[in-house]
$ cat query33.cif   # mmCIF, C-alpha atoms, pLDDT in the B column; chains and numbers go by the auth columns
data_target
loop_
_atom_site.group_PDB
_atom_site.id
_atom_site.type_symbol
_atom_site.label_atom_id
_atom_site.label_comp_id
_atom_site.label_asym_id
_atom_site.label_seq_id
_atom_site.Cartn_x
_atom_site.Cartn_y
_atom_site.Cartn_z
_atom_site.B_iso_or_equiv
_atom_site.auth_seq_id
_atom_site.auth_asym_id
ATOM 1 C CA MET A 1 104.221 115.152 83.044 31.00 249 A
ATOM 2 C CA ALA A 2 107.847 114.331 82.307 33.00 250 A
ATOM 3 C CA ALA A 3 108.875 110.676 82.332 34.00 251 A
ATOM 4 C CA GLN A 4 110.522 109.518 85.558 35.00 252 A
ATOM 5 C CA ARG A 5 113.494 107.203 85.947 31.00 253 A
ATOM 6 C CA SER A 6 111.336 105.072 88.202 36.00 254 A
ATOM 7 C CA SER A 7 107.934 103.818 87.074 37.00 255 A
ATOM 8 C CA GLU A 8 106.434 105.575 90.095 38.00 256 A
ATOM 9 C CA PRO A 9 106.458 109.388 90.135 34.00 257 A
ATOM 10 C CA ALA A 10 107.620 111.263 93.193 30.00 258 A
ATOM 11 C CA ALA A 11 104.101 112.478 93.917 31.00 259 A
ATOM 12 C CA ALA A 12 101.606 109.831 92.894 37.00 260 A
ATOM 13 C CA PRO A 13 98.197 111.124 91.804 43.00 261 A
ATOM 14 C CA ASP A 14 95.078 110.001 93.621 51.00 262 A
ATOM 15 C CA LEU A 15 94.366 106.804 91.718 46.00 263 A
ATOM 16 C CA PRO A 16 91.607 104.356 92.612 48.00 264 A
ATOM 17 C CA THR A 17 92.160 100.998 94.278 51.00 265 A
ATOM 18 C CA LEU A 18 89.351 98.748 93.118 49.00 266 A
ATOM 19 C CA GLY A 19 87.903 96.687 95.931 49.00 267 A
ATOM 20 C CA GLY A 20 89.753 98.779 98.516 49.00 268 A
ATOM 21 C CA ARG A 21 92.720 96.413 98.566 49.00 269 A
ATOM 22 C CA ARG A 22 96.321 97.398 99.246 47.00 270 A
ATOM 23 C CA SER A 23 98.096 97.564 95.911 60.00 271 A
ATOM 24 C CA SER A 24 101.290 98.655 94.204 76.00 272 A
ATOM 25 C CA TYR A 25 101.500 101.810 92.126 80.00 273 A
ATOM 26 C CA ARG A 26 101.383 99.743 88.932 81.00 274 A
ATOM 27 C CA GLU A 27 98.231 98.015 90.181 82.00 275 A
ATOM 28 C CA ARG A 28 96.674 101.375 91.044 84.00 276 A
ATOM 29 C CA VAL A 29 97.334 102.608 87.501 87.00 277 A
ATOM 30 C CA ALA A 30 95.765 99.398 86.189 86.00 278 A
ATOM 31 C CA ASP A 31 92.761 100.002 88.455 84.00 279 A
ATOM 32 C CA ALA A 32 92.338 103.519 87.068 86.00 280 A
ATOM 33 C CA LEU A 33 92.407 102.113 83.541 89.00 281 A
ATOM 34 C CA ARG A 34 89.959 99.337 84.469 85.00 282 A
ATOM 35 C CA ALA A 35 87.586 101.897 85.946 84.00 283 A
ATOM 36 C CA ALA A 36 87.770 103.947 82.744 85.00 284 A
ATOM 37 C CA LEU A 37 87.041 100.793 80.724 84.00 285 A
ATOM 38 C CA ILE A 38 84.074 99.829 82.906 81.00 286 A
ATOM 39 C CA ALA A 39 82.684 103.367 82.823 80.00 287 A
ATOM 40 C CA GLY A 40 82.911 103.360 79.039 79.00 288 A
ATOM 41 C CA GLU A 41 85.366 106.267 78.960 83.00 289 A
ATOM 42 C CA LEU A 42 87.758 104.106 76.908 87.00 290 A
ATOM 43 C CA ARG A 43 85.726 102.896 73.957 85.00 291 A
ATOM 44 C CA PRO A 44 85.826 99.426 72.364 85.00 292 A
ATOM 45 C CA GLY A 45 87.753 99.242 69.108 88.00 293 A
ATOM 46 C CA GLU A 46 89.683 102.443 69.837 91.00 294 A
ATOM 47 C CA VAL A 47 93.486 102.332 69.979 94.00 295 A
ATOM 48 C CA TYR A 48 95.158 104.260 72.822 94.00 296 A
ATOM 49 C CA SER A 49 98.877 104.869 73.153 94.00 297 A
ATOM 50 C CA ALA A 50 100.638 104.708 76.504 92.00 298 A
ATOM 51 C CA PRO A 51 101.766 108.388 76.324 93.00 299 A
ATOM 52 C CA THR A 52 98.208 109.527 75.567 92.00 300 A
ATOM 53 C CA LEU A 53 96.780 107.591 78.507 92.00 301 A
ATOM 54 C CA ALA A 54 99.638 108.751 80.734 91.00 302 A
ATOM 55 C CA ALA A 55 98.799 112.385 80.004 91.00 303 A
ATOM 56 C CA ARG A 56 95.122 111.683 80.633 88.00 304 A
ATOM 57 C CA PHE A 57 95.751 110.155 84.063 86.00 305 A
ATOM 58 C CA GLY A 58 98.624 112.414 85.085 87.00 306 A
ATOM 59 C CA VAL A 59 101.261 109.691 85.353 88.00 307 A
ATOM 60 C CA SER A 60 104.344 108.654 83.396 88.00 308 A
ATOM 61 C CA ALA A 61 104.095 106.355 80.383 90.00 309 A
ATOM 62 C CA THR A 62 106.035 103.426 81.867 91.00 310 A
ATOM 63 C CA PRO A 63 103.487 102.340 84.517 90.00 311 A
ATOM 64 C CA VAL A 64 100.677 102.837 81.985 92.00 312 A
ATOM 65 C CA ARG A 65 102.419 100.564 79.494 92.00 313 A
ATOM 66 C CA GLU A 66 103.034 97.958 82.214 91.00 314 A
ATOM 67 C CA ALA A 67 99.435 98.202 83.435 90.00 315 A
ATOM 68 C CA MET A 68 98.037 97.853 79.917 91.00 316 A
ATOM 69 C CA LEU A 69 100.078 94.688 79.445 91.00 317 A
ATOM 70 C CA ASP A 70 98.411 93.365 82.606 88.00 318 A
ATOM 71 C CA LEU A 71 94.994 94.250 81.169 89.00 319 A
ATOM 72 C CA ALA A 72 95.946 92.507 77.917 91.00 320 A
ATOM 73 C CA LYS A 73 96.554 89.290 79.890 88.00 321 A
ATOM 74 C CA GLU A 74 93.025 89.655 81.286 83.00 322 A
ATOM 75 C CA GLY A 75 91.602 90.045 77.779 85.00 323 A
ATOM 76 C CA LEU A 76 90.430 93.619 78.351 87.00 324 A
ATOM 77 C CA VAL A 77 92.704 95.118 75.676 92.00 325 A
ATOM 78 C CA ASP A 78 94.751 93.860 72.712 93.00 326 A
ATOM 79 C CA THR A 79 98.285 94.973 71.925 93.00 327 A
ATOM 80 C CA VAL A 80 98.679 96.821 68.623 94.00 328 A
ATOM 81 C CA PRO A 81 102.374 96.838 67.605 92.00 329 A
ATOM 82 C CA ASN A 82 103.918 100.307 67.326 89.00 330 A
ATOM 83 C CA LYS A 83 100.595 101.978 68.145 92.00 331 A
ATOM 84 C CA GLY A 84 99.359 101.055 71.596 93.00 332 A
ATOM 85 C CA PHE A 85 96.393 99.091 72.880 94.00 333 A
ATOM 86 C CA ARG A 86 92.944 98.448 71.449 94.00 334 A
ATOM 87 C CA VAL A 87 90.014 98.096 73.848 90.00 335 A
ATOM 88 C CA THR A 88 88.395 94.724 73.229 89.00 336 A
ATOM 89 C CA GLU A 89 84.826 94.507 72.050 86.00 337 A
ATOM 90 C CA VAL A 90 82.254 93.018 74.448 82.00 338 A
ATOM 91 C CA SER A 91 79.101 91.743 72.782 85.00 339 A
ATOM 92 C CA GLU A 92 75.596 92.386 74.040 85.00 340 A
ATOM 93 C CA LYS A 93 75.274 88.642 74.608 90.00 341 A
ATOM 94 C CA GLN A 94 78.396 88.610 76.785 89.00 342 A
ATOM 95 C CA LEU A 95 77.150 91.548 78.832 86.00 343 A
ATOM 96 C CA ASP A 96 73.793 89.841 79.310 89.00 344 A
ATOM 97 C CA GLU A 97 75.549 86.666 80.458 92.00 345 A
ATOM 98 C CA TYR A 98 77.796 88.539 82.901 91.00 346 A
ATOM 99 C CA THR A 99 74.799 90.327 84.377 90.00 347 A
ATOM 100 C CA HIS A 100 72.817 87.096 84.659 93.00 348 A
ATOM 101 C CA ILE A 101 75.640 85.372 86.536 95.00 349 A
ATOM 102 C CA ARG A 102 76.017 88.372 88.821 94.00 350 A
ATOM 103 C CA SER A 103 72.316 88.335 89.651 94.00 351 A
ATOM 104 C CA LEU A 104 72.462 84.628 90.495 96.00 352 A
ATOM 105 C CA ILE A 105 75.349 85.264 92.895 97.00 353 A
ATOM 106 C CA GLU A 106 74.840 88.736 94.311 97.00 354 A
ATOM 107 C CA ILE A 107 71.111 88.922 94.977 97.00 355 A
ATOM 108 C CA PRO A 108 70.754 85.832 97.219 98.00 356 A
ATOM 109 C CA THR A 109 74.100 86.515 98.909 98.00 357 A
ATOM 110 C CA VAL A 110 73.160 90.075 99.838 98.00 358 A
ATOM 111 C CA VAL A 111 69.664 89.028 100.926 98.00 359 A
ATOM 112 C CA ARG A 112 71.211 86.542 103.380 98.00 360 A
ATOM 113 C CA LEU A 113 73.321 89.336 104.813 98.00 361 A
ATOM 114 C CA ALA A 114 70.110 90.940 106.085 97.00 362 A
ATOM 115 C CA THR A 115 70.046 88.274 108.800 97.00 363 A
ATOM 116 C CA THR A 116 73.741 87.429 109.179 97.00 364 A
ATOM 117 C CA ALA A 117 75.822 90.595 108.752 97.00 365 A
ATOM 118 C CA ASP A 118 77.133 92.506 111.749 96.00 366 A
ATOM 119 C CA PRO A 119 75.501 95.970 111.855 97.00 367 A
ATOM 120 C CA VAL A 120 78.868 97.588 112.623 97.00 368 A
ATOM 121 C CA SER A 121 80.388 96.025 109.485 97.00 369 A
ATOM 122 C CA LEU A 122 77.442 97.182 107.406 98.00 370 A
ATOM 123 C CA GLU A 123 77.654 100.711 108.765 97.00 371 A
ATOM 124 C CA ALA A 124 81.365 100.762 107.893 97.00 372 A
ATOM 125 C CA LEU A 125 80.336 100.660 104.226 97.00 373 A
ATOM 126 C CA ARG A 126 78.350 103.894 104.465 98.00 374 A
ATOM 127 C CA PRO A 127 81.302 106.187 103.617 97.00 375 A
ATOM 128 C CA ALA A 128 81.814 104.276 100.352 96.00 376 A
ATOM 129 C CA ALA A 129 78.085 104.539 99.600 97.00 377 A
ATOM 130 C CA ARG A 130 78.275 108.294 100.148 97.00 378 A
ATOM 131 C CA GLU A 131 81.358 108.520 97.909 96.00 379 A
ATOM 132 C CA ILE A 132 79.322 106.906 95.128 95.00 380 A
ATOM 133 C CA VAL A 133 76.650 109.602 95.481 95.00 381 A
ATOM 134 C CA THR A 134 79.260 112.376 95.591 96.00 382 A
ATOM 135 C CA ALA A 135 81.024 111.052 92.484 93.00 383 A
ATOM 136 C CA ALA A 136 77.699 110.751 90.639 91.00 384 A
ATOM 137 C CA ALA A 137 76.769 114.331 91.518 91.00 385 A
ATOM 138 C CA ALA A 138 80.180 115.538 90.300 91.00 386 A
ATOM 139 C CA GLY A 139 79.998 113.469 87.095 87.00 387 A
ATOM 140 C CA ASP A 140 83.285 111.744 87.978 88.00 388 A
ATOM 141 C CA LEU A 141 82.688 108.352 86.356 85.00 389 A
ATOM 142 C CA ILE A 142 86.027 106.801 87.290 85.00 390 A
ATOM 143 C CA ALA A 143 85.561 107.724 90.962 88.00 391 A
ATOM 144 C CA TYR A 144 81.978 106.438 90.703 89.00 392 A
ATOM 145 C CA VAL A 145 83.050 103.053 89.382 88.00 393 A
ATOM 146 C CA GLU A 146 85.886 102.756 91.912 89.00 394 A
ATOM 147 C CA ALA A 147 83.641 103.499 94.879 93.00 395 A
ATOM 148 C CA ASP A 148 80.872 101.282 93.472 92.00 396 A
ATOM 149 C CA ILE A 149 83.195 98.285 93.168 91.00 397 A
ATOM 150 C CA ARG A 150 84.662 98.918 96.610 93.00 398 A
ATOM 151 C CA PHE A 151 81.174 99.066 98.126 96.00 399 A
ATOM 152 C CA HIS A 152 79.793 95.958 96.442 96.00 400 A
ATOM 153 C CA LEU A 153 82.870 93.773 96.895 96.00 401 A
ATOM 154 C CA GLY A 154 83.134 94.944 100.498 97.00 402 A
ATOM 155 C CA LEU A 155 79.491 94.028 101.022 97.00 403 A
ATOM 156 C CA LEU A 156 79.919 90.581 99.463 97.00 404 A
ATOM 157 C CA ALA A 157 83.036 90.009 101.575 97.00 405 A
ATOM 158 C CA LEU A 158 80.791 90.029 104.658 97.00 406 A
ATOM 159 C CA ALA A 159 79.468 86.649 103.459 97.00 407 A
ATOM 160 C CA GLY A 160 82.899 85.184 104.228 97.00 408 A
ATOM 161 C CA ASN A 161 83.507 83.602 100.805 97.00 409 A
ATOM 162 C CA SER A 162 86.625 85.031 99.157 96.00 410 A
ATOM 163 C CA HIS A 163 86.136 82.966 95.975 97.00 411 A
ATOM 164 C CA LEU A 164 82.667 84.450 95.500 97.00 412 A
ATOM 165 C CA VAL A 165 84.125 87.947 95.816 96.00 413 A
ATOM 166 C CA ALA A 166 86.844 87.113 93.264 95.00 414 A
ATOM 167 C CA VAL A 167 84.309 85.793 90.731 96.00 415 A
ATOM 168 C CA VAL A 168 82.095 88.883 91.011 95.00 416 A
ATOM 169 C CA GLY A 169 85.145 91.133 90.862 92.00 417 A
ATOM 170 C CA ASP A 170 86.228 89.502 87.608 90.00 418 A
ATOM 171 C CA LEU A 171 82.730 89.830 86.110 90.00 419 A
ATOM 172 C CA ARG A 172 82.684 93.516 87.024 88.00 420 A
ATOM 173 C CA LYS A 173 86.065 94.045 85.333 84.00 421 A
ATOM 174 C CA ARG A 174 84.750 92.535 82.115 83.00 422 A
ATOM 175 C CA SER A 175 81.503 94.514 82.049 80.00 423 A
ATOM 176 C CA ARG A 176 81.047 97.889 80.360 75.00 424 A
ATOM 177 C CA LEU A 177 78.662 100.654 81.456 71.00 425 A
ATOM 178 C CA TYR A 178 78.523 102.750 78.305 66.00 426 A
ATOM 179 C CA GLY A 179 75.479 104.754 79.353 67.00 427 A
ATOM 180 C CA LEU A 180 76.913 106.350 82.506 75.00 428 A
ATOM 181 C CA ASP A 181 77.944 109.583 80.770 74.00 429 A
ATOM 182 C CA ALA A 182 74.453 109.964 79.314 74.00 430 A
ATOM 183 C CA LEU A 183 72.943 109.509 82.785 77.00 431 A
ATOM 184 C CA VAL A 184 75.221 112.232 84.143 77.00 432 A
ATOM 185 C CA ARG A 185 74.111 114.634 81.402 76.00 433 A
ATOM 186 C CA ALA A 186 70.473 113.790 82.118 76.00 434 A
ATOM 187 C CA GLY A 187 70.958 114.216 85.861 77.00 435 A
ATOM 188 C CA ARG A 188 69.832 110.648 86.581 81.00 436 A
ATOM 189 C CA LEU A 189 72.986 108.964 87.856 86.00 437 A
ATOM 190 C CA GLU A 190 72.765 110.499 91.331 89.00 438 A
ATOM 191 C CA ALA A 191 69.331 108.946 91.926 87.00 439 A
ATOM 192 C CA SER A 192 70.714 105.546 91.005 86.00 440 A
ATOM 193 C CA ALA A 193 73.724 106.115 93.254 93.00 441 A
ATOM 194 C CA ARG A 194 71.448 106.697 96.238 95.00 442 A
ATOM 195 C CA GLU A 195 70.270 103.099 95.955 95.00 443 A
ATOM 196 C CA HIS A 196 73.459 102.098 97.772 97.00 444 A
ATOM 197 C CA LEU A 197 72.329 104.030 100.841 98.00 445 A
ATOM 198 C CA GLU A 198 68.828 102.588 100.444 97.00 446 A
ATOM 199 C CA LEU A 199 70.316 99.088 100.364 98.00 447 A
ATOM 200 C CA LEU A 200 72.356 99.685 103.504 98.00 448 A
ATOM 201 C CA ASP A 201 69.306 100.970 105.365 98.00 449 A
ATOM 202 C CA ALA A 202 67.287 97.904 104.332 98.00 450 A
ATOM 203 C CA LEU A 203 70.081 95.596 105.489 98.00 451 A
ATOM 204 C CA LEU A 204 70.346 97.347 108.849 98.00 452 A
ATOM 205 C CA GLU A 205 66.572 97.059 109.256 98.00 453 A
ATOM 206 C CA ARG A 206 66.852 93.291 108.557 98.00 454 A
ATOM 207 C CA ASP A 207 64.236 93.685 105.820 98.00 455 A
ATOM 208 C CA GLU A 208 64.974 90.819 103.420 98.00 456 A
ATOM 209 C CA ARG A 209 62.133 91.713 101.048 98.00 457 A
ATOM 210 C CA ALA A 210 63.355 95.302 100.701 98.00 458 A
ATOM 211 C CA VAL A 211 66.963 94.137 100.226 98.00 459 A
ATOM 212 C CA ARG A 212 65.908 91.803 97.409 98.00 460 A
ATOM 213 C CA ALA A 213 63.873 94.549 95.753 97.00 461 A
ATOM 214 C CA VAL A 214 66.722 97.087 95.857 96.00 462 A
ATOM 215 C CA MET A 215 69.335 94.601 94.627 95.00 463 A
ATOM 216 C CA THR A 216 67.103 93.406 91.781 94.00 464 A
ATOM 217 C CA ARG A 217 66.396 96.987 90.708 92.00 465 A
ATOM 218 C CA HIS A 218 70.030 98.001 91.066 90.00 466 A
ATOM 219 C CA LEU A 219 71.469 95.138 89.004 89.00 467 A
ATOM 220 C CA GLY A 220 68.741 95.740 86.437 85.00 468 A
ATOM 221 C CA HIS A 221 70.348 99.091 85.668 81.00 469 A
ATOM 222 C CA VAL A 222 73.433 97.342 84.255 75.00 470 A
ATOM 223 C CA ARG A 223 71.505 96.193 81.186 70.00 471 A
ATOM 224 C CA GLY A 224 68.906 98.934 81.403 64.00 472 A
ATOM 225 C CA LEU A 225 69.743 102.493 82.357 56.00 473 A
ATOM 226 C CA TRP A 226 73.517 102.051 82.072 54.00 474 A
ATOM 227 C CA ALA A 227 73.638 100.004 78.897 51.00 475 A
ATOM 228 C CA ALA A 228 72.664 102.658 76.353 49.00 476 A
ATOM 229 C CA PRO A 229 75.485 103.312 73.879 47.00 477 A
#

$ encode --input "query33.cif" --output "structure tokens"
Amino acid sequence: MAAQRSSEPAAAPDLPTLGGRRSSYRERVADALRAALIAGELRPGEVYSAPTLAARFGVSATPVREAMLDLAKEGLVDTVPNKGFRVTEVSEKQLDEYTHIRSLIEIPTVVRLATTADPVSLEALRPAAREIVTAAAAGDLIAYVEADIRFHLGLLALAGNSHLVAVVGDLRKRSRLYGLDALVRAGRLEASAREHLELLDALLERDERAVRAVMTRHLGHVRGLWAAP
């Protein structure tokens, strides 16, 4: 699309808002880029120019350039003078460490929600869980990642600890799920996506053992099913 005078086009495309928060247009562009990074659609070591990414996401180059500078501050990309931005490499060891920390935080927190969370608040997460399944069936990895983050951070928020949510959100930003596209081609991502609905049902049934089993299996995918290059 043609560049606009303003960084926000007259008709903004439907960009994700990770975590479901209210955000500016620049932040929404950054969220779309983060989701592409997490889903492995933007590959480590590759250099991407702002105009190329702008065309890919249907926005103007200015907000993309601004958003990529934000991602550079987070260490997700490096600036390459006169060329664009290089996606930073994340080692297998780093990914293992991120996943380990997430398991230490998320599994016990979600298990406790089986006895403490309000059923109405849990049920309010069902539309996001269904969006995850729909995105998986359609092979839309960016929509999948966006809905997945919104679901999980929304679930953790029910524990009432905003710092915990922020830590997990940061770990999710830094992770990469390179195997998602392969799962789509193999028709296996939708089955994994349905675990979100399974988890909700277990929580509403107050079944702590089932909640722990689903969460352990689900997080195991990060370095199992989803980790294949």

$ resolve_selection --input "query33.cif" --expression "the PyMOL selection byres ((chain A and resi 372) around 12)" --output "list of chain:residue names"
A:Ala365, A:Asp366, A:Pro367, A:Val368, A:Ser369, A:Leu370, A:Glu371, A:Leu373, A:Arg374, A:Pro375, A:Ala376, A:Ala377, A:Arg378, A:Arg398, A:Phe399, A:Gly402, A:Leu403, A:Leu406, A:Leu445, A:Leu448, A:Leu452

$ residues_near_point --input "query33.cif" --point "(70.4, 87.0, 102.4)" --cutoff "10 Å" --atoms "only C-alpha atoms" --output "MDAnalysis selection string"
chainID A and resid 354:365 407 451 454:457 459:460

$ atom_distance --input "query33.cif" --atom1 "atom CA of A:Gln342" --atom2 "atom CA of A:Arg424"
10.3 Å

$ residues_around --input "query33.cif" --residues "A:Val432" --least-positions-apart "4" --cutoff "10 Å" --atoms "only C-alpha atoms" --output "short mmCIF file (atom, residue, chain, number, x, y, z; two decimals) with C-alpha atoms, in the coordinates of the input"
data_model
loop_
_atom_site.label_atom_id
_atom_site.label_comp_id
_atom_site.auth_asym_id
_atom_site.auth_seq_id
_atom_site.Cartn_x
_atom_site.Cartn_y
_atom_site.Cartn_z
CA ALA A 384 77.70 110.75 90.64
CA ALA A 385 76.77 114.33 91.52
CA ALA A 386 80.18 115.54 90.30
CA GLY A 387 80.00 113.47 87.10
CA ASP A 388 83.28 111.74 87.98
CA LEU A 389 82.69 108.35 86.36
CA GLY A 427 75.48 104.75 79.35
CA LEU A 428 76.91 106.35 82.51
CA ARG A 436 69.83 110.65 86.58
CA LEU A 437 72.99 108.96 87.86
CA GLU A 438 72.76 110.50 91.33
#

$ axis_aligned_box --input "query33.cif" --around "stretch 329-345 of chain A" --padding-each-side "4 Å" --output "AutoDock Vina command-line options"
--center_x 88.9 --center_y 94.3 --center_z 73.9 --size_x 38.1 --size_y 23.3 --size_z 21.1

$ residues_around --input "query33.cif" --residues "A:Val416" --least-positions-apart "2" --cutoff "8 Å" --atoms "all atoms listed in the file" --output "PyMOL selection string"
chain A and resi 350+353-354+401+412-414+418-420

$ atom_distance --input "query33.cif" --atom1 "atom CA of A:Gly306" --atom2 "atom CA of A:Ile390"
14.0 Å

$ closest_residue --input "query33.cif" --among "A:Ala309, A:Leu290, A:Met463, A:Ala315" --to "A:Arg274" --atoms "all atoms listed in the file"
A:Ala315

$ resolve_selection --input "query33.cif" --expression "the PyMOL selection byres ((chain A and resi 293) around 8)" --output "mmCIF file with C-alpha atoms, in the coordinates of the input"
data_model
loop_
_atom_site.group_PDB
_atom_site.id
_atom_site.type_symbol
_atom_site.label_atom_id
_atom_site.label_comp_id
_atom_site.auth_asym_id
_atom_site.auth_seq_id
_atom_site.Cartn_x
_atom_site.Cartn_y
_atom_site.Cartn_z
ATOM 1 C CA ARG A 291 85.726 102.896 73.957
ATOM 2 C CA PRO A 292 85.826 99.426 72.364
ATOM 3 C CA GLU A 294 89.683 102.443 69.837
ATOM 4 C CA VAL A 295 93.486 102.332 69.979
ATOM 5 C CA ARG A 334 92.944 98.448 71.449
ATOM 6 C CA VAL A 335 90.014 98.096 73.848
ATOM 7 C CA THR A 336 88.395 94.724 73.229
ATOM 8 C CA GLU A 337 84.826 94.507 72.050
#

$ resolve_selection --input "query33.cif" --expression "the PyMOL selection byres ((chain A and resi 283) around 12)" --output "MDAnalysis selection string"
chainID A and resid 263:267 276:282 284:290 305 319 324 388:398 420:426

$ write_last_selection --input "query33.cif" --atoms "C-alpha atoms" --output "compact mmCIF listing (two decimals), in the coordinates of the input"
# COMPACT_ATOMS: atom_id res chain seq x y z
CA LEU A 263 94.37 106.80 91.72
CA PRO A 264 91.61 104.36 92.61
CA THR A 265 92.16 101.00 94.28
CA LEU A 266 89.35 98.75 93.12
CA GLY A 267 87.90 96.69 95.93
CA ARG A 276 96.67 101.38 91.04
CA VAL A 277 97.33 102.61 87.50
CA ALA A 278 95.76 99.40 86.19
CA ASP A 279 92.76 100.00 88.46
CA ALA A 280 92.34 103.52 87.07
CA LEU A 281 92.41 102.11 83.54
CA ARG A 282 89.96 99.34 84.47
CA ALA A 284 87.77 103.95 82.74
CA LEU A 285 87.04 100.79 80.72
CA ILE A 286 84.07 99.83 82.91
CA ALA A 287 82.68 103.37 82.82
CA GLY A 288 82.91 103.36 79.04
CA GLU A 289 85.37 106.27 78.96
CA LEU A 290 87.76 104.11 76.91
CA PHE A 305 95.75 110.16 84.06
CA LEU A 319 94.99 94.25 81.17
CA LEU A 324 90.43 93.62 78.35
CA ASP A 388 83.28 111.74 87.98
CA LEU A 389 82.69 108.35 86.36
CA ILE A 390 86.03 106.80 87.29
CA ALA A 391 85.56 107.72 90.96
CA TYR A 392 81.98 106.44 90.70
CA VAL A 393 83.05 103.05 89.38
CA GLU A 394 85.89 102.76 91.91
CA ALA A 395 83.64 103.50 94.88
CA ASP A 396 80.87 101.28 93.47
CA ILE A 397 83.20 98.28 93.17
CA ARG A 398 84.66 98.92 96.61
CA ARG A 420 82.68 93.52 87.02
CA LYS A 421 86.06 94.04 85.33
CA ARG A 422 84.75 92.54 82.12
CA SER A 423 81.50 94.51 82.05
CA ARG A 424 81.05 97.89 80.36
CA LEU A 425 78.66 100.65 81.46
CA TYR A 426 78.52 102.75 78.31

$ atom_distance --input "query33.cif" --atom1 "atom CA of A:Arg313" --atom2 "atom CA of A:Tyr346"
27.6 Å

$ closest_residue --input "query33.cif" --among "A:Leu404, A:Val381, A:Val470, A:Leu352" --to "A:Ala441" --atoms "all atoms listed in the file"
A:Val381

$ residues_near_point --input "query33.cif" --point "(100.2, 101.8, 73.4)" --cutoff "7 Å" --atoms "all atoms listed in the file" --output "list in words"
Tyr296, Ser297, Ala298, Arg313, Lys331, Gly332 and Phe333 of chain A

$ closest_residue --input "query33.cif" --among "A:Glu379, A:Met316, A:Glu340, A:Gly417" --to "A:His444" --atoms "all atoms listed in the file"
A:Glu379

$ closest_residue --input "query33.cif" --among "A:Pro311, A:Ala458, A:Leu301, A:Gly468" --to "A:Ser440" --atoms "all atoms listed in the file"
A:Gly468

$ closest_residue --input "query33.cif" --among "A:Val338, A:Thr300, A:Thr382, A:Arg471" --to "A:Val325" --atoms "only C-alpha atoms"
A:Val338

$ decode --input "query33.cif" --residues "stretch 418-440 of chain A" --atoms "C-alpha atoms" --output "tab-separated table (two decimals), in the first residue's frame"
chain	number	residue	atom	x	y	z
A	418	ASP	CA	8.24	-11.72	28.24
A	419	LEU	CA	9.31	-15.38	28.09
A	420	ARG	CA	6.71	-16.04	25.41
A	421	LYS	CA	7.99	-13.09	23.35
A	422	ARG	CA	11.51	-14.50	23.43
A	423	SER	CA	10.52	-18.06	22.50
A	424	ARG	CA	10.33	-19.40	18.95
A	425	LEU	CA	7.97	-22.12	17.70
A	426	TYR	CA	9.68	-23.10	14.46
A	427	GLY	CA	7.72	-26.32	13.99
A	428	LEU	CA	4.22	-24.81	13.78
A	429	ASP	CA	4.17	-24.69	9.97
A	430	ALA	CA	5.17	-28.36	9.80
A	431	LEU	CA	2.34	-29.26	12.19
A	432	VAL	CA	-0.13	-27.41	9.97
A	433	ARG	CA	1.06	-29.34	6.91
A	434	ALA	CA	0.77	-32.60	8.84
A	435	GLY	CA	-2.69	-31.71	10.13
A	436	ARG	CA	-1.59	-31.99	13.77
A	437	LEU	CA	-1.80	-28.42	15.04
A	438	GLU	CA	-5.59	-28.47	15.43
A	439	ALA	CA	-5.42	-31.41	17.85
A	440	SER	CA	-2.92	-29.51	19.97
